[in-house]
>>> print(open('start.txt').read())   # compact mmCIF, C-alpha atoms and all ligand atoms
# COMPACT_ATOMS: atom_id res chain seq x y z
CA MET U 1 -73.52 40.09 -67.59
CA LEU U 2 -75.00 36.65 -68.32
CA ASP U 3 -78.06 38.08 -70.09
CA PHE U 4 -77.26 36.46 -73.42
CA LEU U 5 -77.63 33.01 -71.82
CA TYR U 6 -81.26 33.74 -70.98
CA GLN U 7 -82.43 35.13 -74.34
CA ASP U 8 -83.27 31.91 -76.17
CA SER U 9 -82.71 28.18 -76.16
CA TRP U 10 -79.22 28.64 -77.72
CA GLY U 11 -78.18 30.08 -74.38
CA ALA U 12 -79.16 26.90 -72.54
CA PHE U 13 -77.56 24.85 -75.30
CA SER U 14 -74.23 26.68 -75.03
CA VAL U 15 -74.20 26.25 -71.24
CA MET U 16 -74.76 22.53 -71.80
CA LEU U 17 -71.81 22.47 -74.25
CA PHE U 18 -69.68 24.42 -71.78
CA PHE U 19 -70.04 21.57 -69.31
CA GLN U 20 -70.07 18.66 -71.78
CA ILE U 21 -67.18 19.48 -74.10
CA PRO U 22 -64.39 19.55 -71.45
CA PHE U 23 -65.75 16.27 -70.08
CA LEU U 24 -65.76 14.72 -73.55
CA VAL U 25 -62.21 15.93 -74.29
CA VAL U 26 -60.85 14.45 -71.03
CA PHE U 27 -62.75 11.21 -71.63
CA LEU U 28 -61.41 10.79 -75.19
CA TYR U 29 -57.87 11.70 -74.08
CA ILE U 30 -57.92 8.98 -71.39
CA VAL U 31 -59.36 6.38 -73.77
CA TYR U 32 -56.67 7.27 -76.34
CA ARG U 33 -53.79 7.10 -73.81
CA LYS U 34 -54.89 3.82 -72.23
CA SER U 35 -55.43 2.25 -75.64
CA PHE U 36 -52.31 3.33 -77.52
CA VAL U 37 -49.77 5.16 -75.35
CA GLU U 38 -49.77 3.46 -71.94
CA PRO U 39 -51.93 0.32 -71.96
CA GLU U 40 -50.22 -1.21 -68.88
CA PRO U 41 -51.35 -0.36 -65.29
CA SER U 42 -50.57 3.24 -64.30
CA ALA U 43 -47.16 3.95 -62.80
CA THR U 44 -48.29 7.25 -61.26
CA ASP U 45 -47.68 7.61 -57.52
CA GLN U 46 -50.90 7.19 -55.48
CA ARG U 47 -50.18 10.28 -53.34
CA LYS U 48 -49.92 12.44 -56.43
CA LEU U 49 -53.29 11.12 -57.58
CA SER U 50 -55.07 12.02 -54.34
CA ARG U 51 -53.68 15.57 -54.56
CA LEU U 52 -55.08 15.80 -58.11
CA ASP U 53 -58.40 14.53 -56.78
CA GLY U 54 -58.50 17.30 -54.18
CA LEU U 55 -57.69 19.97 -56.77
CA TRP U 56 -60.37 18.66 -59.10
CA ILE U 57 -63.04 18.68 -56.37
CA ALA U 58 -62.03 22.20 -55.33
CA LEU U 59 -62.36 23.38 -58.94
CA VAL U 60 -65.83 21.84 -59.25
CA VAL U 61 -66.98 23.42 -55.96
CA ILE U 62 -65.63 26.85 -56.98
CA LEU U 63 -67.34 26.67 -60.39
CA PHE U 64 -70.62 25.50 -58.85
CA VAL U 65 -70.72 28.21 -56.19
CA GLY U 66 -69.46 30.86 -58.64
CA PHE U 67 -72.09 30.24 -61.30
CA ASN U 68 -74.87 30.08 -58.74
CA PHE U 69 -73.69 33.35 -57.27
CA LEU U 70 -73.50 35.05 -60.69
CA SER U 71 -77.05 33.98 -61.53
CA LEU U 72 -78.59 35.18 -58.23
CA ASP U 73 -79.84 38.40 -59.86
CA TYR U 74 -82.01 36.37 -62.21
CA MET U 75 -83.97 34.67 -59.42
CA PRO U 76 -87.51 36.11 -59.44
CA PRO U 77 -87.63 36.99 -55.68
CA ILE U 78 -84.34 38.87 -55.98
CA SER U 79 -85.06 40.65 -59.27
CA SER U 80 -88.52 41.56 -57.86
CA ALA U 81 -86.96 43.02 -54.71
CA GLN U 82 -84.51 45.01 -56.85
CA SER U 83 -87.31 46.42 -59.02
CA ALA U 84 -89.34 47.28 -55.92
CA ALA U 85 -86.37 49.14 -54.46
CA THR U 86 -85.55 51.14 -57.59
CA HIS U 87 -88.99 51.95 -59.03
CA LYS U 88 -91.64 54.20 -57.56
CA ASN U 89 -94.43 53.73 -60.12
CA ILE U 90 -95.08 50.01 -59.93
CA GLN U 91 -98.45 49.01 -61.34
CA ASP U 92 -100.28 46.58 -59.08
CA VAL U 93 -102.51 43.89 -60.51
CA GLU U 94 -104.44 41.32 -58.58
CA VAL U 95 -105.00 37.93 -60.14
CA LYS U 96 -107.58 35.41 -59.02
CA ALA U 97 -107.29 31.93 -60.49
CA GLU U 98 -110.34 29.70 -60.28
CA SER U 99 -111.12 26.51 -62.21
CA TRP U 100 -110.77 27.21 -65.14
CA SER U 101 -110.18 30.89 -65.71
CA TYR U 102 -108.37 33.98 -64.47
CA GLU U 103 -109.69 37.25 -63.16
CA LEU U 104 -107.30 40.18 -63.46
CA SER U 105 -107.82 43.58 -61.87
CA ALA U 106 -106.09 45.14 -64.91
CA GLU U 107 -105.39 43.83 -68.40
CA LYS U 108 -103.58 46.77 -70.01
CA PHE U 109 -99.94 47.44 -69.30
CA GLU U 110 -97.13 49.64 -70.57
CA VAL U 111 -93.64 48.87 -71.77
CA GLY U 112 -91.05 49.90 -69.20
CA ARG U 113 -93.36 50.22 -66.20
CA PRO U 114 -92.86 47.41 -63.67
CA VAL U 115 -95.98 45.37 -62.91
CA ARG U 116 -96.47 43.55 -59.62
CA PHE U 117 -98.58 40.44 -60.19
CA SER U 118 -100.16 39.23 -56.95
CA ALA U 119 -101.97 36.00 -57.57
CA LYS U 120 -104.17 33.70 -55.50
CA SER U 121 -106.07 30.54 -56.21
CA ALA U 122 -109.69 30.34 -55.09
CA ASP U 123 -110.09 26.57 -55.26
CA THR U 124 -107.35 24.16 -56.21
CA MET U 125 -103.72 24.13 -57.36
CA HIS U 126 -103.16 26.37 -60.39
CA SER U 127 -100.35 28.38 -61.82
CA PHE U 128 -99.97 31.75 -63.45
CA ALA U 129 -97.58 31.45 -66.37
CA LEU U 130 -96.94 34.36 -68.69
CA TYR U 131 -95.90 33.88 -72.32
CA HIS U 132 -94.26 36.42 -74.62
CA PRO U 133 -96.15 36.98 -77.94
CA ASP U 134 -93.47 34.86 -79.68
CA GLY U 135 -94.33 31.90 -77.43
CA ARG U 136 -91.47 32.18 -74.96
CA LEU U 137 -92.30 31.45 -71.31
CA LEU U 138 -91.39 34.53 -69.23
CA PHE U 139 -92.20 33.21 -65.78
CA THR U 140 -94.60 31.02 -63.86
CA MET U 141 -95.92 31.20 -60.32
CA MET U 142 -97.43 28.25 -58.52
CA LEU U 143 -100.70 29.15 -56.80
CA MET U 144 -101.58 27.05 -53.81
CA PRO U 145 -105.12 27.34 -52.49
CA GLY U 146 -105.77 28.62 -48.97
CA LEU U 147 -102.72 30.86 -48.63
CA GLU U 148 -103.04 34.20 -46.84
CA THR U 149 -100.34 35.97 -48.84
CA PRO U 150 -100.59 35.92 -52.63
CA ALA U 151 -97.76 34.66 -54.80
CA SER U 152 -96.14 37.84 -56.05
CA LEU U 153 -93.59 38.82 -58.66
CA ILE U 154 -92.56 42.03 -60.40
CA HIS U 155 -92.11 41.92 -64.16
CA THR U 156 -91.17 44.77 -66.48
CA PHE U 157 -92.39 44.37 -70.05
CA THR U 158 -89.87 45.35 -72.72
CA GLU U 159 -92.00 44.81 -75.83
CA PRO U 160 -95.61 45.65 -76.74
CA GLY U 161 -97.98 42.90 -77.80
CA THR U 162 -100.58 40.42 -76.64
CA TYR U 163 -99.22 38.14 -73.94
CA LYS U 164 -100.79 34.82 -73.11
CA ILE U 165 -101.50 33.56 -69.60
CA ARG U 166 -101.71 29.83 -69.06
CA CYS U 167 -102.06 27.39 -66.18
CA LEU U 168 -99.13 24.99 -65.93
CA GLU U 169 -100.40 22.91 -62.99
CA TYR U 170 -102.81 20.18 -63.88
CA CYS U 171 -106.11 21.29 -62.27
CA GLY U 172 -108.85 19.11 -63.68
CA ALA U 173 -110.87 18.36 -66.80
CA ALA U 174 -110.58 21.78 -68.48
CA HIS U 175 -107.02 22.56 -67.38
CA HIS U 176 -105.91 22.84 -71.02
CA GLU U 177 -108.46 25.60 -71.61
CA MET U 178 -107.39 27.67 -68.62
CA SER U 179 -105.86 30.72 -70.27
CA ASP U 180 -106.24 34.47 -70.66
CA GLU U 181 -104.49 37.37 -72.38
CA LEU U 182 -103.11 40.72 -71.48
CA VAL U 183 -102.13 43.62 -73.69
CA VAL U 184 -98.93 45.62 -73.43
CA THR U 185 -98.68 48.95 -75.25
CA GLU U 186 -95.78 51.34 -75.93
CA SER U 187 -94.97 53.68 -73.10
CA LYS U 188 -97.06 56.91 -73.13
CA GLN U 189 -94.20 59.11 -71.95
CU CU U 201 -104.45 24.00 -64.68
>>> encode(input="start.txt", output="structure tokens")
Amino acid sequence: MLDFLYQDSWGAFSVMLFFQIPFLVVFLYIVYRKSFVEPEPSATDQRKLSRLDGLWIALVVILFVGFNFLSLDYMPPISSAQSAATHKNIQDVEVKAESWSYELSAEKFEVGRPVRFSAKSADTMHSFALYHPDGRLLFTMMLMPGLETPASLIHTFTEPGTYKIRCLEYCGAAHHEMSDELVVTESKQ
């Protein structure tokens, strides 16, 4: 339902406008009224004001909870659990991150088949960030060293191409060179 907000940076920009424009309108209205229409101290009854306050806070709380609730499906642990529940043919790939490279148990993937990335770090703090061929960041996982369970996430590729893997946690002198690639091809079915 909210997919369009996640497609590109215009989505984030329009959400920002959604919150900023009403604020700006109210702000300008108040400045206008207090400057030209009613410059003297307000004659509004105090009790009426506190009721307005309550309504305003309730509206903010409802919007906050509502938008968080609507975006739950987009949280990686939840979308991963949903993919795991609905797909039988998940492709598993193990990732080992070590200063300053990655080792993947598979590097070829197919459009439409969910891939479970299970990643561990062998030495220090790294991350596993995946970039779409057009440069968009698809997701990132923080990899803490010494953990028993790998960081894991299910991603379903929708377009073929060469995807870039990068480390987004500063991990030492050659951190900027820590990258790899994986190839996604059209589905064979
Ligand atoms: Cu790094």
>>> residues_near_ligand(input="start.txt", ligand="ligand CU 201 (chain U)", cutoff="8 Å", atoms="all atoms listed in the file", output="list in words")
Ser99, Trp100, Met125, His126, Ser127, Arg166, Cys167, Leu168, Glu169, Tyr170, Cys171, Gly172, Ala174, His175, His176 and Met178 of chain U
>>> closest_residue(input="start.txt", among="U:Ile154, U:Met141, U:Met16, U:Val60", to="Gln91 in chain U", atoms="only C-alpha atoms")
U:Ile154
>>> closest_residue(input="start.txt", among="U:Asp45, U:Leu147, U:Gly54, U:Pro114", to="Ala85 in chain U", atoms="all atoms listed in the file")
U:Pro114
>>> atom_distance(input="start.txt", atom1="CA of Glu159 in chain U", atom2="CA of His87 in chain U")
18.5 Å
>>> atom_distance(input="start.txt", atom1="CA of Glu110 in chain U", atom2="CA of Ile90 in chain U")
10.8 Å
>>> atom_distance(input="start.txt", atom1="CA of Pro77 in chain U", atom2="CA of Lys188 in chain U")
28.1 Å
>>> residues_around(input="start.txt", residues="Lys120 in chain U", least_positions_apart="5", cutoff="7 Å", atoms="all atoms listed in the file", output="list in words")
Val95, Lys96, Ala97, Leu143, Pro150 and Ala151 of chain U
>>> closest_residue(input="start.txt", among="U:Ser152, U:Ser71, U:Gln82, U:Ser179", to="Ile165 in chain U", atoms="only C-alpha atoms")
U:Ser179
>>> closest_residue(input="start.txt", among="U:Ser80, U:Leu182, U:Asp73, U:Glu94", to="Thr149 in chain U", atoms="all atoms listed in the file")
U:Glu94
>>> axis_aligned_box(input="start.txt", around="range 109-118 of chain U", padding_each_side="4 Å", output="JSON")
{"center_x": -95.6, "center_y": 44.7, "center_z": -64.4, "size_x": 17.1, "size_y": 19.0, "size_z": 22.8}
>>> residues_around(input="start.txt", residues="Leu70 in chain U", least_positions_apart="4", cutoff="10 Å", atoms="all atoms listed in the file", output="VMD selection string")
chain U and resid 1 to 2 65 to 66 74
>>> residues_around(input="start.txt", residues="Phe139 in chain U", least_positions_apart="5", cutoff="9 Å", atoms="all atoms listed in the file", output="list in words")
Pro76, Phe128, Ala129, Leu130, Tyr131 and His155 of chain U
>>> write_last_selection(input="start.txt", atoms="C-alpha atoms", output="CSV table (one decimal), keeping the file's coordinate frame")
chain,number,residue,atom,x,y,z
U,76,PRO,CA,-87.5,36.1,-59.4
U,128,PHE,CA,-100.0,31.8,-63.4
U,129,ALA,CA,-97.6,31.4,-66.4
U,130,LEU,CA,-96.9,34.4,-68.7
U,131,TYR,CA,-95.9,33.9,-72.3
U,155,HIS,CA,-92.1,41.9,-64.2
>>> residues_around(input="start.txt", residues="Gln7 in chain U", least_positions_apart="5", cutoff="12 Å", atoms="all atoms listed in the file", output="list in words")
Leu2, Ala12, Phe13, Ser14, His132, Arg136, Leu137 and Leu138 of chain U
>>> closest_residue(input="start.txt", among="U:Leu104, U:Asp53, U:Thr156, U:Leu59", to="Asn89 in chain U", atoms="only C-alpha atoms")
U:Thr156
>>> closest_residue(input="start.txt", among="U:Leu24, U:Ala81, U:Met75, U:Leu63", to="Tyr6 in chain U", atoms="all atoms listed in the file")
U:Met75
>>> build_atoms(input="start.txt", residues="range 13-45 of chain U", atoms="N, CA and C atoms", output="mmCIF file, in the coordinates of the input")
data_model
loop_
_atom_site.group_PDB
_atom_site.id
_atom_site.type_symbol
_atom_site.label_atom_id
_atom_site.label_comp_id
_atom_site.auth_asym_id
_atom_site.auth_seq_id
_atom_site.Cartn_x
_atom_site.Cartn_y
_atom_site.Cartn_z
ATOM 1 N N PHE U 13 -78.350 25.825 -74.553
ATOM 2 C CA PHE U 13 -77.560 24.850 -75.300
ATOM 3 C C PHE U 13 -76.060 25.121 -75.125
ATOM 4 N N SER U 14 -75.661 26.397 -75.163
ATOM 5 C CA SER U 14 -74.230 26.680 -75.030
ATOM 6 C C SER U 14 -73.734 26.396 -73.615
ATOM 7 N N VAL U 15 -74.603 26.597 -72.607
ATOM 8 C CA VAL U 15 -74.200 26.250 -71.240
ATOM 9 C C VAL U 15 -73.987 24.736 -71.153
ATOM 10 N N MET U 16 -74.881 23.987 -71.797
ATOM 11 C CA MET U 16 -74.760 22.530 -71.800
ATOM 12 C C MET U 16 -73.423 22.132 -72.438
ATOM 13 N N LEU U 17 -73.089 22.773 -73.582
ATOM 14 C CA LEU U 17 -71.810 22.470 -74.250
ATOM 15 C C LEU U 17 -70.626 22.825 -73.370
ATOM 16 N N PHE U 18 -70.754 23.950 -72.659
ATOM 17 C CA PHE U 18 -69.680 24.420 -71.780
ATOM 18 C C PHE U 18 -69.314 23.343 -70.760
ATOM 19 N N PHE U 19 -70.319 22.621 -70.289
ATOM 20 C CA PHE U 19 -70.040 21.570 -69.310
ATOM 21 C C PHE U 19 -69.693 20.231 -69.964
ATOM 22 N N GLN U 20 -70.248 19.973 -71.154
ATOM 23 C CA GLN U 20 -70.070 18.660 -71.780
ATOM 24 C C GLN U 20 -68.747 18.532 -72.528
ATOM 25 N N ILE U 21 -68.353 19.601 -73.236
ATOM 26 C CA ILE U 21 -67.180 19.480 -74.100
ATOM 27 C C ILE U 21 -65.895 19.176 -73.316
ATOM 28 N N PRO U 22 -65.603 19.904 -72.210
ATOM 29 C CA PRO U 22 -64.390 19.550 -71.450
ATOM 30 C C PRO U 22 -64.431 18.092 -70.980
ATOM 31 N N PHE U 23 -65.599 17.645 -70.550
ATOM 32 C CA PHE U 23 -65.750 16.270 -70.080
ATOM 33 C C PHE U 23 -65.424 15.293 -71.214
ATOM 34 N N LEU U 24 -65.962 15.584 -72.389
ATOM 35 C CA LEU U 24 -65.760 14.720 -73.550
ATOM 36 C C LEU U 24 -64.283 14.689 -73.952
ATOM 37 N N VAL U 25 -63.617 15.846 -73.915
ATOM 38 C CA VAL U 25 -62.210 15.930 -74.290
ATOM 39 C C VAL U 25 -61.362 15.075 -73.341
ATOM 40 N N VAL U 26 -61.604 15.214 -72.019
ATOM 41 C CA VAL U 26 -60.850 14.450 -71.030
ATOM 42 C C VAL U 26 -61.101 12.952 -71.223
ATOM 43 N N PHE U 27 -62.366 12.612 -71.438
ATOM 44 C CA PHE U 27 -62.750 11.210 -71.630
ATOM 45 C C PHE U 27 -62.022 10.599 -72.824
ATOM 46 N N LEU U 28 -62.045 11.317 -73.973
ATOM 47 C CA LEU U 28 -61.410 10.790 -75.190
ATOM 48 C C LEU U 28 -59.900 10.708 -75.025
ATOM 49 N N TYR U 29 -59.319 11.690 -74.314
ATOM 50 C CA TYR U 29 -57.870 11.700 -74.080
ATOM 51 C C TYR U 29 -57.467 10.449 -73.282
ATOM 52 N N ILE U 30 -58.242 10.136 -72.232
ATOM 53 C CA ILE U 30 -57.920 8.980 -71.390
ATOM 54 C C ILE U 30 -58.080 7.682 -72.185
ATOM 55 N N VAL U 31 -59.150 7.587 -72.950
ATOM 56 C CA VAL U 31 -59.360 6.380 -73.770
ATOM 57 C C VAL U 31 -58.198 6.214 -74.740
ATOM 58 N N TYR U 32 -57.777 7.306 -75.373
ATOM 59 C CA TYR U 32 -56.670 7.270 -76.340
ATOM 60 C C TYR U 32 -55.380 6.815 -75.663
ATOM 61 N N ARG U 33 -55.052 7.417 -74.504
ATOM 62 C CA ARG U 33 -53.790 7.100 -73.810
ATOM 63 C C ARG U 33 -53.762 5.636 -73.361
ATOM 64 N N LYS U 34 -54.876 5.191 -72.760
ATOM 65 C CA LYS U 34 -54.890 3.820 -72.230
ATOM 66 C C LYS U 34 -54.969 2.782 -73.360
ATOM 67 N N SER U 35 -55.359 3.200 -74.534
ATOM 68 C CA SER U 35 -55.430 2.250 -75.640
ATOM 69 C C SER U 35 -54.114 2.156 -76.391
ATOM 70 N N PHE U 36 -53.468 3.324 -76.612
ATOM 71 C CA PHE U 36 -52.310 3.330 -77.520
ATOM 72 C C PHE U 36 -50.992 3.719 -76.864
ATOM 73 N N VAL U 37 -51.024 4.625 -75.878
ATOM 74 C CA VAL U 37 -49.770 5.160 -75.350
ATOM 75 C C VAL U 37 -49.278 4.361 -74.147
ATOM 76 N N GLU U 38 -50.205 4.071 -73.198
ATOM 77 C CA GLU U 38 -49.770 3.460 -71.940
ATOM 78 C C GLU U 38 -50.799 2.406 -71.516
ATOM 79 N N PRO U 39 -50.870 1.292 -72.261
ATOM 80 C CA PRO U 39 -51.930 0.320 -71.960
ATOM 81 C C PRO U 39 -51.714 -0.443 -70.651
ATOM 82 N N GLU U 40 -50.467 -0.483 -70.131
ATOM 83 C CA GLU U 40 -50.220 -1.210 -68.880
ATOM 84 C C GLU U 40 -50.741 -0.413 -67.669
ATOM 85 N N PRO U 41 -50.855 -1.066 -66.469
ATOM 86 C CA PRO U 41 -51.350 -0.360 -65.290
ATOM 87 C C PRO U 41 -50.539 0.908 -65.019
ATOM 88 N N SER U 42 -51.194 1.924 -64.492
ATOM 89 C CA SER U 42 -50.570 3.240 -64.300
ATOM 90 C C SER U 42 -49.396 3.174 -63.329
ATOM 91 N N ALA U 43 -48.330 3.909 -63.672
ATOM 92 C CA ALA U 43 -47.160 3.950 -62.800
ATOM 93 C C ALA U 43 -47.162 5.196 -61.935
ATOM 94 N N THR U 44 -48.234 5.999 -62.024
ATOM 95 C CA THR U 44 -48.290 7.250 -61.260
ATOM 96 C C THR U 44 -48.396 6.955 -59.766
ATOM 97 N N ASP U 45 -47.668 7.732 -58.972
ATOM 98 C CA ASP U 45 -47.680 7.610 -57.520
ATOM 99 C C ASP U 45 -49.080 7.902 -56.956
#
